[in-house]
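Structure below is model.csv: CSV, C-alpha atoms.
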```csv
chain,number,residue,atom,x,y,z
H,1,MET,CA,55.0,-45.7,9.1
H,2,LEU,CA,52.4,-43.1,8.3
H,3,ASP,CA,53.9,-42.7,4.8
H,4,ILE,CA,52.2,-46.0,3.9
H,5,ALA,CA,49.2,-45.5,6.1
H,6,GLU,CA,46.5,-46.0,3.4
H,7,GLU,CA,47.6,-49.6,2.5
H,8,LEU,CA,48.3,-50.5,6.2
H,9,HIS,CA,44.8,-49.2,7.1
H,10,ARG,CA,43.3,-51.6,4.6
H,11,TRP,CA,45.4,-54.4,6.1
H,12,VAL,CA,44.0,-53.6,9.5
H,13,GLU,CA,40.4,-53.6,8.2
H,14,GLN,CA,41.1,-57.0,6.6
H,15,GLY,CA,42.4,-58.4,9.9
H,16,ARG,CA,45.9,-59.1,8.5
H,17,ASP,CA,48.8,-59.3,10.9
H,18,PHE,CA,51.9,-57.4,9.8
H,19,ALA,CA,55.2,-56.1,11.0
H,20,VAL,CA,56.6,-52.6,10.2
H,21,ALA,CA,60.2,-51.6,9.9
H,22,THR,CA,60.6,-47.8,10.4
H,23,VAL,CA,63.6,-45.6,9.8
H,24,VAL,CA,64.2,-43.9,13.2
H,25,ALA,CA,67.5,-42.2,12.6
H,26,VAL,CA,69.9,-41.5,9.7
H,27,GLY,CA,73.5,-40.4,9.3
H,28,GLY,CA,75.4,-39.4,6.2
H,29,SER,CA,73.9,-39.8,2.8
H,30,ALA,CA,71.0,-42.0,3.8
H,31,PRO,CA,68.3,-42.3,1.1
H,32,ARG,CA,65.2,-42.2,3.3
H,33,GLN,CA,64.4,-40.0,6.3
H,34,PRO,CA,63.0,-40.9,9.8
H,35,GLY,CA,59.4,-42.2,9.4
H,36,ALA,CA,60.0,-44.0,6.1
H,37,ALA,CA,58.7,-47.6,6.5
H,38,LEU,CA,58.5,-51.0,5.0
H,39,ALA,CA,55.8,-53.4,6.1
H,40,VAL,CA,55.3,-57.2,5.6
H,41,ASP,CA,52.1,-59.1,6.2
H,42,GLY,CA,51.6,-62.7,7.2
H,43,ASP,CA,51.5,-63.8,3.5
H,44,GLY,CA,54.8,-62.2,2.8
H,45,THR,CA,53.4,-59.2,0.9
H,46,ALA,CA,55.7,-56.2,1.3
H,47,ILE,CA,55.0,-52.5,0.8
H,48,GLY,CA,57.0,-49.4,1.3
H,49,SER,CA,60.8,-48.8,1.5
H,50,VAL,CA,63.4,-47.9,4.1
H,51,SER,CA,66.5,-47.5,1.9
H,52,GLY,CA,65.6,-47.3,-1.8
H,53,GLY,CA,66.8,-50.9,-2.2
H,54,CYS,CA,70.1,-51.2,-0.4
H,55,VAL,CA,69.0,-53.2,2.6
H,56,GLU,CA,65.4,-54.1,1.8
H,57,GLY,CA,66.1,-57.8,1.7
H,58,ALA,CA,67.6,-57.9,5.2
H,59,VAL,CA,64.8,-55.6,6.6
H,60,TYR,CA,62.2,-57.9,5.0
H,61,ASP,CA,63.7,-60.9,6.9
H,62,LEU,CA,63.6,-58.9,10.1
H,63,CYS,CA,59.9,-58.2,9.6
H,64,VAL,CA,59.2,-61.9,8.9
H,65,GLN,CA,61.0,-62.8,12.1
H,66,ALA,CA,59.1,-60.2,14.1
H,67,LEU,CA,55.8,-61.7,12.9
H,68,GLU,CA,57.0,-65.1,14.0
H,69,ASP,CA,58.3,-64.3,17.5
H,70,GLY,CA,56.2,-61.1,18.2
H,71,LYS,CA,59.3,-59.2,19.4
H,72,THR,CA,60.3,-55.6,18.6
H,73,VAL,CA,63.9,-55.3,17.5
H,74,ALA,CA,66.3,-52.4,16.6
H,75,GLU,CA,68.9,-52.7,14.0
H,76,ARG,CA,71.6,-50.5,12.4
H,77,PHE,CA,72.7,-50.7,8.8
H,78,GLY,CA,75.7,-48.9,7.3
H,79,TYR,CA,78.4,-49.2,4.7
H,80,SER,CA,81.6,-51.3,5.3
H,81,ASP,CA,84.7,-50.5,3.3
H,82,GLU,CA,86.1,-53.9,4.4
H,83,ASP,CA,83.2,-55.8,2.8
H,84,ALA,CA,81.4,-53.8,0.2
H,85,PHE,CA,79.2,-56.8,-0.7
H,86,ALA,CA,77.8,-57.2,2.8
H,87,VAL,CA,74.3,-55.9,3.5
H,88,GLY,CA,74.5,-52.2,3.9
H,89,LEU,CA,74.1,-48.8,2.3
H,90,THR,CA,76.3,-48.4,-0.7
H,91,CYS,CA,75.7,-44.6,-0.5
H,92,GLY,CA,77.8,-44.5,2.6
H,93,GLY,CA,75.1,-43.5,5.0
H,94,ILE,CA,73.8,-45.1,8.2
H,95,ILE,CA,70.2,-45.9,9.1
H,96,ASP,CA,68.7,-47.1,12.3
H,97,ILE,CA,65.6,-49.3,11.9
H,98,LEU,CA,62.9,-50.3,14.4
H,99,VAL,CA,60.9,-53.4,13.5
H,100,THR,CA,57.6,-53.8,15.3
H,101,PRO,CA,54.9,-56.5,15.0
H,102,VAL,CA,51.5,-54.7,14.8
H,103,ARG,CA,48.7,-56.4,16.6
H,104,GLY,CA,46.3,-53.9,18.0
H,105,GLY,CA,47.3,-51.0,20.4
H,106,VAL,CA,47.2,-47.5,19.1
H,107,PHE,CA,48.5,-48.3,15.6
H,108,PRO,CA,45.1,-48.8,14.0
H,109,ALA,CA,43.9,-45.5,15.3
H,110,ALA,CA,47.0,-43.7,14.1
H,111,LEU,CA,46.6,-45.2,10.6
H,112,ALA,CA,42.9,-44.2,10.5
H,113,ALA,CA,43.8,-40.6,11.5
H,114,ALA,CA,46.4,-40.4,8.7
H,115,VAL,CA,44.1,-41.8,6.1
H,116,SER,CA,41.3,-39.4,7.0
H,117,GLY,CA,43.6,-36.4,7.0
H,118,GLU,CA,43.1,-35.9,10.7
H,119,ALA,CA,46.0,-34.2,12.6
H,120,ALA,CA,47.7,-36.6,15.0
H,121,ALA,CA,51.1,-37.7,16.1
H,122,LEU,CA,52.4,-41.2,16.7
H,123,ALA,CA,55.2,-41.3,19.4
H,124,ARG,CA,57.2,-44.5,19.8
H,125,VAL,CA,60.1,-45.5,22.0
H,126,VAL,CA,62.9,-46.3,19.6
H,127,ASP,CA,65.9,-46.3,22.0
H,128,GLY,CA,65.8,-47.0,25.7
H,129,PRO,CA,65.0,-49.9,28.1
H,130,ALA,CA,64.1,-53.1,26.4
H,131,ASP,CA,60.7,-53.4,28.0
H,132,LEU,CA,59.7,-50.0,26.6
H,133,LEU,CA,61.1,-50.4,23.0
H,134,GLY,CA,58.3,-50.0,20.5
H,135,GLN,CA,55.7,-48.8,23.0
H,136,ALA,CA,53.5,-46.0,21.5
H,137,LEU,CA,51.2,-43.1,22.1
H,138,LEU,CA,48.7,-41.5,19.7
H,139,VAL,CA,48.6,-37.7,20.5
H,140,ARG,CA,45.9,-35.3,19.3
H,141,PRO,CA,46.2,-31.6,18.6
H,142,ASP,CA,44.4,-30.7,21.9
H,143,GLY,CA,47.0,-32.7,23.9
H,144,SER,CA,44.8,-35.7,24.6
H,145,TYR,CA,46.4,-39.1,23.9
H,146,GLU,CA,45.8,-42.8,23.7
H,147,GLY,CA,48.1,-45.7,24.7
H,148,LYS,CA,50.7,-46.1,27.3
H,149,LEU,CA,54.5,-46.1,27.2
H,150,GLY,CA,54.8,-47.8,30.7
H,151,GLY,CA,57.3,-47.1,33.3
H,152,HIS,CA,57.0,-43.8,35.4
H,153,PRO,CA,53.6,-42.2,35.5
H,154,GLU,CA,55.0,-38.9,34.3
H,155,LEU,CA,56.5,-40.5,31.1
H,156,ASP,CA,53.3,-40.5,29.1
H,157,ARG,CA,52.4,-36.9,29.9
H,158,THR,CA,55.9,-35.7,29.0
H,159,ALA,CA,56.0,-37.7,25.8
H,160,ALA,CA,52.5,-36.5,24.8
H,161,ALA,CA,53.6,-32.8,25.4
H,162,GLU,CA,56.7,-33.3,23.3
H,163,ALA,CA,54.7,-35.0,20.5
H,164,ARG,CA,52.1,-32.3,20.5
H,165,ALA,CA,54.8,-29.6,20.1
H,166,MET,CA,56.1,-31.5,17.0
H,167,LEU,CA,52.6,-32.0,15.7
H,168,ASP,CA,51.9,-28.3,15.9
H,169,GLY,CA,54.8,-27.7,13.5
H,170,GLY,CA,53.9,-30.7,11.3
H,171,ARG,CA,57.3,-32.2,12.0
H,172,THR,CA,58.6,-35.8,12.1
H,173,GLY,CA,61.8,-36.6,14.1
H,174,THR,CA,63.2,-37.8,17.3
H,175,VAL,CA,63.3,-36.3,20.8
H,176,GLU,CA,65.0,-37.4,24.0
H,177,ILE,CA,63.3,-37.4,27.4
H,178,GLY,CA,64.1,-39.0,30.7
H,179,GLU,CA,62.8,-42.5,31.5
H,180,ASP,CA,60.9,-40.9,34.4
H,181,GLY,CA,59.4,-38.2,32.3
H,182,SER,CA,61.9,-35.6,33.3
H,183,ARG,CA,64.9,-34.1,31.6
H,184,CYS,CA,67.2,-36.0,33.9
H,185,GLY,CA,67.7,-39.7,34.7
H,186,GLN,CA,68.2,-42.5,32.2
H,187,PRO,CA,67.3,-41.1,28.7
H,188,LEU,CA,65.1,-42.7,26.1
H,189,THR,CA,64.5,-41.6,22.5
H,190,LEU,CA,61.0,-41.1,21.0
H,191,LEU,CA,60.3,-41.1,17.2
H,192,VAL,CA,57.4,-38.7,16.6
H,193,GLU,CA,55.6,-39.1,13.3
H,194,SER,CA,53.2,-36.2,12.6
H,195,SER,CA,50.2,-36.8,10.4
H,196,VAL,CA,48.8,-33.5,9.2
H,197,PRO,CA,46.5,-32.5,6.3
H,198,ALA,CA,48.3,-32.0,3.0
H,199,PRO,CA,49.9,-28.6,2.6
H,200,ARG,CA,48.1,-26.1,0.3
H,201,MET,CA,49.1,-24.9,-3.1
H,202,ILE,CA,47.0,-22.0,-4.3
H,203,VAL,CA,47.3,-21.2,-8.0
H,204,PHE,CA,46.0,-17.8,-9.0
H,205,GLY,CA,45.2,-17.5,-12.7
H,206,ALA,CA,43.1,-20.1,-14.6
H,207,ILE,CA,45.4,-20.4,-17.6
H,208,ASP,CA,47.0,-23.3,-19.5
H,209,PHE,CA,50.1,-23.1,-17.4
H,210,ALA,CA,48.0,-23.4,-14.3
H,211,ALA,CA,46.5,-26.7,-15.5
H,212,ALA,CA,50.0,-28.2,-15.8
H,213,LEU,CA,51.0,-26.8,-12.4
H,214,VAL,CA,47.9,-28.3,-10.8
H,215,ARG,CA,49.2,-31.7,-11.9
H,216,VAL,CA,52.7,-31.1,-10.6
H,217,GLY,CA,51.2,-29.9,-7.3
H,218,LYS,CA,49.1,-33.0,-6.9
H,219,PHE,CA,52.2,-35.1,-7.7
H,220,LEU,CA,54.1,-33.3,-4.9
H,221,GLY,CA,51.4,-34.0,-2.4
H,222,TYR,CA,49.7,-30.6,-2.2
H,223,HIS,CA,46.0,-29.9,-1.8
H,224,VAL,CA,45.6,-27.6,-4.8
H,225,THR,CA,43.2,-24.7,-5.2
H,226,VAL,CA,42.8,-22.7,-8.4
H,227,CYS,CA,41.4,-19.2,-8.0
H,228,ASP,CA,40.4,-16.8,-10.8
H,229,ALA,CA,37.9,-13.9,-10.9
H,230,ARG,CA,36.7,-15.0,-14.4
H,231,PRO,CA,34.0,-17.8,-14.2
H,232,VAL,CA,34.4,-18.7,-17.8
H,233,PHE,CA,38.0,-19.9,-17.2
H,234,ALA,CA,37.8,-21.2,-13.6
H,235,THR,CA,35.9,-24.4,-14.3
H,236,ALA,CA,36.1,-28.1,-13.3
H,237,ALA,CA,36.3,-29.1,-16.9
H,238,ARG,CA,39.5,-27.1,-17.4
H,239,PHE,CA,41.1,-28.2,-14.1
H,240,PRO,CA,39.8,-31.7,-13.4
H,241,GLU,CA,42.7,-32.6,-11.0
H,242,ALA,CA,42.3,-29.5,-8.8
H,243,ASP,CA,40.9,-30.2,-5.3
H,244,GLU,CA,39.1,-26.9,-5.3
H,245,ILE,CA,38.2,-24.2,-7.8
H,246,VAL,CA,37.3,-20.7,-6.5
H,247,VAL,CA,35.7,-17.9,-8.6
H,248,ASP,CA,36.7,-14.7,-6.8
H,249,TRP,CA,39.1,-11.8,-6.9
H,250,PRO,CA,42.4,-13.3,-5.9
H,251,HIS,CA,43.3,-10.9,-3.1
H,252,ARG,CA,39.8,-11.1,-1.6
H,253,TYR,CA,40.0,-14.9,-1.6
H,254,LEU,CA,43.5,-14.9,0.0
H,255,GLU,CA,42.3,-12.5,2.7
H,256,SER,CA,39.5,-14.9,3.7
H,257,THR,CA,41.1,-18.4,3.3
H,258,GLU,CA,43.3,-20.2,5.8
H,259,VAL,CA,47.1,-20.5,5.1
H,260,ASP,CA,50.0,-21.6,7.2
H,261,GLY,CA,53.8,-22.0,7.1
H,262,ARG,CA,53.6,-24.9,4.6
H,263,THR,CA,51.3,-23.1,2.0
H,264,VAL,CA,52.7,-22.2,-1.4
H,265,LEU,CA,51.2,-19.4,-3.5
H,266,CYS,CA,51.7,-19.3,-7.3
H,267,VAL,CA,50.6,-16.2,-9.0
H,268,LEU,CA,50.2,-16.9,-12.8
H,269,THR,CA,47.9,-14.0,-13.7
H,270,HIS,CA,50.7,-11.5,-14.7
H,271,ASP,CA,48.0,-8.8,-14.8
H,272,ALA,CA,48.6,-5.7,-12.6
H,273,LYS,CA,45.0,-5.3,-11.6
H,274,PHE,CA,45.1,-8.9,-10.1
H,275,ASP,CA,48.8,-9.1,-9.2
H,276,VAL,CA,49.3,-6.0,-7.2
H,277,PRO,CA,46.5,-6.3,-4.6
H,278,LEU,CA,47.1,-10.0,-4.4
H,279,LEU,CA,50.9,-9.8,-3.8
H,280,LYS,CA,50.5,-6.9,-1.4
H,281,THR,CA,48.4,-9.3,0.8
H,282,ALA,CA,50.5,-12.4,0.1
H,283,LEU,CA,53.8,-10.8,1.1
H,284,LYS,CA,52.6,-10.1,4.6
H,285,LEU,CA,51.5,-13.7,5.2
H,286,PRO,CA,53.8,-16.4,6.9
H,287,VAL,CA,53.6,-18.8,4.0
H,288,ALA,CA,56.4,-21.0,2.7
H,289,TYR,CA,56.7,-19.7,-0.9
H,290,ILE,CA,55.4,-16.9,-3.1
H,291,GLY,CA,56.1,-16.9,-6.8
H,292,ALA,CA,54.8,-14.7,-9.6
H,293,MET,CA,54.9,-15.3,-13.4
H,294,GLY,CA,56.1,-12.8,-15.9
H,295,SER,CA,59.0,-11.5,-17.9
H,296,ARG,CA,61.8,-9.6,-16.2
H,297,ARG,CA,60.3,-6.4,-17.5
H,298,THR,CA,56.9,-7.4,-16.0
H,299,HIS,CA,58.8,-8.2,-12.8
H,300,GLU,CA,60.4,-4.8,-12.6
H,301,ASP,CA,57.2,-3.0,-13.4
H,302,ARG,CA,55.3,-5.0,-10.8
H,303,ASN,CA,57.9,-4.3,-8.1
H,304,GLU,CA,57.6,-0.6,-8.7
H,305,ARG,CA,53.8,-0.8,-8.4
H,306,LEU,CA,54.1,-2.8,-5.2
H,307,ARG,CA,56.5,-0.3,-3.7
H,308,GLY,CA,53.9,2.3,-4.7
H,309,VAL,CA,51.3,0.7,-2.5
H,310,GLY,CA,53.5,0.4,0.5
H,311,VAL,CA,55.2,-3.0,0.1
H,312,THR,CA,58.7,-2.9,1.8
H,313,GLU,CA,62.0,-4.1,0.4
H,314,LEU,CA,62.1,-6.8,3.0
H,315,GLU,CA,58.7,-8.1,1.8
H,316,LEU,CA,59.7,-7.9,-1.8
H,317,ALA,CA,62.8,-10.0,-1.1
H,318,ARG,CA,60.4,-12.9,-0.3
H,319,LEU,CA,58.9,-12.9,-3.8
H,320,ARG,CA,60.2,-15.5,-6.3
H,321,SER,CA,59.9,-13.7,-9.6
H,322,PRO,CA,60.2,-14.6,-12.4
H,323,ILE,CA,58.8,-17.8,-11.0
H,324,GLY,CA,60.6,-21.1,-11.3
H,325,LEU,CA,64.2,-22.4,-11.8
H,326,ASP,CA,66.1,-21.8,-15.0
H,327,LEU,CA,65.4,-25.0,-17.0
H,328,GLY,CA,65.0,-23.3,-20.3
H,329,ALA,CA,61.3,-24.3,-20.0
H,330,ARG,CA,58.9,-23.3,-22.8
H,331,THR,CA,55.8,-25.5,-22.7
H,332,PRO,CA,53.2,-25.3,-19.8
H,333,GLU,CA,54.4,-28.7,-18.6
H,334,GLU,CA,58.1,-27.7,-18.6
H,335,THR,CA,57.2,-24.4,-16.8
H,336,ALA,CA,55.2,-26.3,-14.2
H,337,LEU,CA,58.2,-28.6,-13.6
H,338,SER,CA,60.4,-25.6,-13.2
H,339,ILE,CA,58.0,-24.1,-10.6
H,340,GLY,CA,57.7,-27.4,-8.8
H,341,ALA,CA,61.5,-27.7,-8.7
H,342,GLU,CA,61.9,-24.3,-7.1
H,343,ILE,CA,59.2,-25.1,-4.5
H,344,VAL,CA,61.1,-28.3,-3.6
H,345,ALA,CA,64.4,-26.5,-3.4
H,346,ASN,CA,62.9,-23.8,-1.3
H,347,ARG,CA,61.3,-26.3,1.0
H,348,ARG,CA,64.4,-28.5,1.4
H,349,GLY,CA,67.2,-25.9,1.3
H,350,GLY,CA,68.5,-26.9,-2.1
H,351,SER,CA,70.5,-24.6,-4.3
H,352,GLY,CA,68.8,-25.6,-7.6
H,353,ALA,CA,72.3,-26.2,-9.1
H,354,SER,CA,73.3,-29.3,-11.1
H,355,LEU,CA,74.6,-32.1,-8.8
H,356,THR,CA,77.2,-33.0,-11.5
H,357,GLY,CA,80.5,-31.7,-10.4
H,358,ALA,CA,79.1,-30.1,-7.2
H,359,HIS,CA,80.5,-30.7,-3.8
H,360,THR,CA,77.3,-30.0,-1.9
H,361,PRO,CA,75.1,-32.5,0.0
H,362,ILE,CA,72.6,-34.5,-2.1
H,363,HIS,CA,70.1,-34.5,0.8
H,364,HIS,CA,69.5,-31.3,2.7
H,365,ASP,CA,68.3,-31.4,6.4
H,366,GLY,CA,67.5,-27.7,6.7
H,367,PRO,CA,64.1,-26.5,5.2
H,368,ARG,CA,63.7,-22.9,4.4
H,369,ARG,CA,61.7,-20.7,6.7
H,370,PRO,CA,58.8,-18.5,5.4
H,371,ASP,CA,61.3,-15.6,5.3
H,372,GLY,CA,63.5,-17.6,2.9
H,373,LEU,CA,66.3,-18.4,5.3
H,374,ILE,CA,67.5,-21.9,6.2
H,375,GLY,CA,66.2,-23.2,9.5
H,376,SER,CA,63.2,-24.6,11.4
H,377,VAL,CA,59.7,-23.6,10.3
H,378,ALA,CA,58.3,-24.2,13.8
```

Turn the structure described in the file into structure tokens.
Amino acid sequence: MLDIAEELHRWVEQGRDFAVATVVAVGGSAPRQPGAALAVDGDGTAIGSVSGGCVEGAVYDLCVQALEDGKTVAERFGYSDEDAFAVGLTCGGIIDILVTPVRGGVFPAALAAAVSGEAAALARVVDGPADLLGQALLVRPDGSYEGKLGGHPELDRTAAAEARAMLDGGRTGTVEIGEDGSRCGQPLTLLVESSVPAPRMIVFGAIDFAAALVRVGKFLGYHVTVCDARPVFATAARFPEADEIVVDWPHRYLESTEVDGRTVLCVLTHDAKFDVPLLKTALKLPVAYIGAMGSRRTHEDRNERLRGVGVTELELARLRSPIGLDLGARTPEETALSIGAEIVANRRGGSGASLTGAHTPIHHDGPRRPDGLIGSVA
């Protein structure tokens, strides 16, 4: 639901009733992941998507019905070989949908937090006793929470603790706990949607390639910073779409700014006096991606310089250089697309190979860790 928070927040401020259908679980080659949502208001206006088109009509009808009767309902959609024209997913996947009428509760606060960039998690019961289905908590980073799931008094505290753990890692997904708040007893399933500030992309080097990469970074949802030690190049006029422009030596700025396991660092300076101290610092940080521009000759020379200042082979193995995927890119825009594609492949666990003729999954469930291996980033 939080993926369409901005528009839903406007609906709340306008006093419009609406129902939200949220993907709570997927199987096979489902097009959208848990948390994806479609919402319908009292006038029949729809926003968002749960399947990329396969079952939108049926889900729309469920939302209209939920608005009429005020009831939360769970529904599963899949592909049937016996009737390929029935409502379902032609891609062969399965999605579980929870449809909830939104009339107060913690939902407005969750939407406001998402719109303002505040860290918070929305935890909802998506499978379990009928009287708990759709009940929600809004959980803050300090562990405090609003709302009530009902049932056993320990349930809210356990649910809040589980949601806080997922929020710490910026993760959205499901978790099972006992109906009484313990690990035993009748289980129920929570969908936890984490709303966290946009991940950071820091682009070092205020060159024409950087201007194109800023646009790609914004398109991918990053908060983009451009850093360069040369004030004549690091200007708002040259990078109007950047969220932040910093005039400082790259390594000094990186040492002083905040990064995390979602941060991507793109080094486009390809000048040893900037690159070496910057990459020496960067390769010790637990960030998601570090890429550096330059020819293969520049790459080899830079690696030798980095070894000379004490960078280990294990640290060097984290460096993506020459930066980007092999698209045959030449223009700044094509190069930026190649870098963005590598960042997405690294984040989602993709190979970067063409899907044509391949026998690999289209959707990957395993993001890459900061060390470059597949697995959880938490």

**OP:** Tell me, in Å to one decimal, how far atom CA of H:Val102 is from atom CA of H:Gly78.
**Re:** 26.0 Å

Each stretch 186-290 of chain H residue no farther than 9 Å from stretch 294-314 of chain H, nearest pair in Å, only C-alpha atoms, as a tab-separated table:
```
residue	atom	partner	partner_atom	distance
H:Leu268	CA	H:Gly294	CA	7.8
H:Thr269	CA	H:Gly294	CA	8.6
H:His270	CA	H:Gly294	CA	5.7
H:Ala272	CA	H:Arg302	CA	7.0
H:Asp275	CA	H:Arg302	CA	7.8
H:Val276	CA	H:Leu306	CA	6.1
H:Pro277	CA	H:Leu306	CA	8.4
H:Leu279	CA	H:Leu306	CA	7.8
H:Lys280	CA	H:Val311	CA	6.3
H:Leu283	CA	H:Val311	CA	8.0
H:Lys284	CA	H:Val311	CA	8.8
```

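If only C-alpha atoms are the atoms counted, then among H:Leu138, H:Val214, H:Leu278, H:Val40 the closest residue to H:Glu68 is H:Val40.
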
Original post:
How many Å lie between atom CA of H:Glu154 and atom CA of H:Gly181, rounded to one decimal?
Top reply: 4.9 Å

Can you list, as an mmCIF file with C-alpha atoms, in the frame of the given file, every protein, DNA or RNA residue that comes within 7 Å of H:Ala36 when you count only C-alpha atoms, leaving out same-chain residues fewer than 2 positions away?
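Contents of result_22.cif, as written:
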```cif
data_model
loop_
_atom_site.group_PDB
_atom_site.id
_atom_site.type_symbol
_atom_site.label_atom_id
_atom_site.label_comp_id
_atom_site.auth_asym_id
_atom_site.auth_seq_id
_atom_site.Cartn_x
_atom_site.Cartn_y
_atom_site.Cartn_z
ATOM 1 C CA MET H 1 55.000 -45.700 9.100
ATOM 2 C CA ASP H 3 53.900 -42.700 4.800
ATOM 3 C CA THR H 22 60.600 -47.800 10.400
ATOM 4 C CA VAL H 23 63.600 -45.600 9.800
ATOM 5 C CA ARG H 32 65.200 -42.200 3.300
ATOM 6 C CA GLN H 33 64.400 -40.000 6.300
ATOM 7 C CA PRO H 34 63.000 -40.900 9.800
ATOM 8 C CA SER H 49 60.800 -48.800 1.500
ATOM 9 C CA VAL H 50 63.400 -47.900 4.100
#
```

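One finds atom CA of H:Ile339 at 17.7 Å from atom CA of H:Ala317.
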
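Nearest residue to H:Val126, choosing from H:Gly57, H:Gly221, H:Pro187, H:Gly352 and counting all atoms listed in the file: H:Pro187.
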
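Distance annotation: of H:Val264, H:Ala212, H:Val224, H:Ala234, the residue with the minimal separation from H:Glu334 is H:Ala212; atom set is all atoms listed in the file.
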
Residues near H:Glu7, cut-off 12 Å, all atoms listed in the file, skip fewer than 4 positions along chain, as a PDB file with C-alpha atoms, in the frame of the given file:
```pdb
ATOM      1  CA  MET H   1      55.000 -45.700   9.100  1.00  0.00           C
ATOM      2  CA  LEU H   2      52.400 -43.100   8.300  1.00  0.00           C
ATOM      3  CA  ASP H   3      53.900 -42.700   4.800  1.00  0.00           C
ATOM      4  CA  TRP H  11      45.400 -54.400   6.100  1.00  0.00           C
ATOM      5  CA  VAL H  12      44.000 -53.600   9.500  1.00  0.00           C
ATOM      6  CA  GLU H  13      40.400 -53.600   8.200  1.00  0.00           C
ATOM      7  CA  GLN H  14      41.100 -57.000   6.600  1.00  0.00           C
ATOM      8  CA  ARG H  16      45.900 -59.100   8.500  1.00  0.00           C
ATOM      9  CA  PHE H  18      51.900 -57.400   9.800  1.00  0.00           C
ATOM     10  CA  ALA H  37      58.700 -47.600   6.500  1.00  0.00           C
ATOM     11  CA  LEU H  38      58.500 -51.000   5.000  1.00  0.00           C
ATOM     12  CA  ALA H  39      55.800 -53.400   6.100  1.00  0.00           C
ATOM     13  CA  VAL H  40      55.300 -57.200   5.600  1.00  0.00           C
ATOM     14  CA  ASP H  41      52.100 -59.100   6.200  1.00  0.00           C
ATOM     15  CA  THR H  45      53.400 -59.200   0.900  1.00  0.00           C
ATOM     16  CA  ALA H  46      55.700 -56.200   1.300  1.00  0.00           C
ATOM     17  CA  ILE H  47      55.000 -52.500   0.800  1.00  0.00           C
ATOM     18  CA  GLY H  48      57.000 -49.400   1.300  1.00  0.00           C
ATOM     19  CA  PRO H 108      45.100 -48.800  14.000  1.00  0.00           C
ATOM     20  CA  LEU H 111      46.600 -45.200  10.600  1.00  0.00           C
ATOM     21  CA  ALA H 112      42.900 -44.200  10.500  1.00  0.00           C
ATOM     22  CA  ALA H 114      46.400 -40.400   8.700  1.00  0.00           C
ATOM     23  CA  VAL H 115      44.100 -41.800   6.100  1.00  0.00           C
TER      24      VAL H 115
END
```

Subject >> Point (43.0, -24.3, 6.2) neighbourhood (10 Å, all atoms listed in the file) written as a PyMOL selection string >> reply: chain H and resi 197-200+257-260+263

Write a file of the selected residues as a short mmCIF file (atom, residue, chain, number, x, y, z; two decimals), in the coordinates of the input, keeping C-alpha atoms.
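Okay, again12.cif is ready:
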```cif
data_model
loop_
_atom_site.label_atom_id
_atom_site.label_comp_id
_atom_site.auth_asym_id
_atom_site.auth_seq_id
_atom_site.Cartn_x
_atom_site.Cartn_y
_atom_site.Cartn_z
CA PRO H 197 46.50 -32.50 6.30
CA ALA H 198 48.30 -32.00 3.00
CA PRO H 199 49.90 -28.60 2.60
CA ARG H 200 48.10 -26.10 0.30
CA THR H 257 41.10 -18.40 3.30
CA GLU H 258 43.30 -20.20 5.80
CA VAL H 259 47.10 -20.50 5.10
CA ASP H 260 50.00 -21.60 7.20
CA THR H 263 51.30 -23.10 2.00
#
```

Each residue of stretch 170-236 of chain H lying at most 6 Å from stretch 122-125 of chain H should get a row with its shortest atom-to-atom pair and the distance in Å to one decimal, counting only C-alpha atoms; could you produce that, ordered by chain and increasing number, as CSV?
```
residue,atom,partner,partner_atom,distance
H:Thr189,CA,H:Val125,CA,5.9
H:Leu190,CA,H:Val125,CA,4.6
H:Leu191,CA,H:Arg124,CA,5.3
H:Val192,CA,H:Ala123,CA,4.4
H:Glu193,CA,H:Leu122,CA,5.1
```

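Take the candidates H:Ala120, H:Ala288, H:Ala159, H:Ile95 and check each one against H:Gly178 using only C-alpha atoms; the shortest distance goes to H:Ala159.
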
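Excluding H:Gly340 and any residue on its chain fewer than 4 positions from it, the residues at most 8 Å away by only C-alpha atoms are Leu213, Val216, Gly217, Leu220, Gly324, Ala336 and Val344 of chain H.
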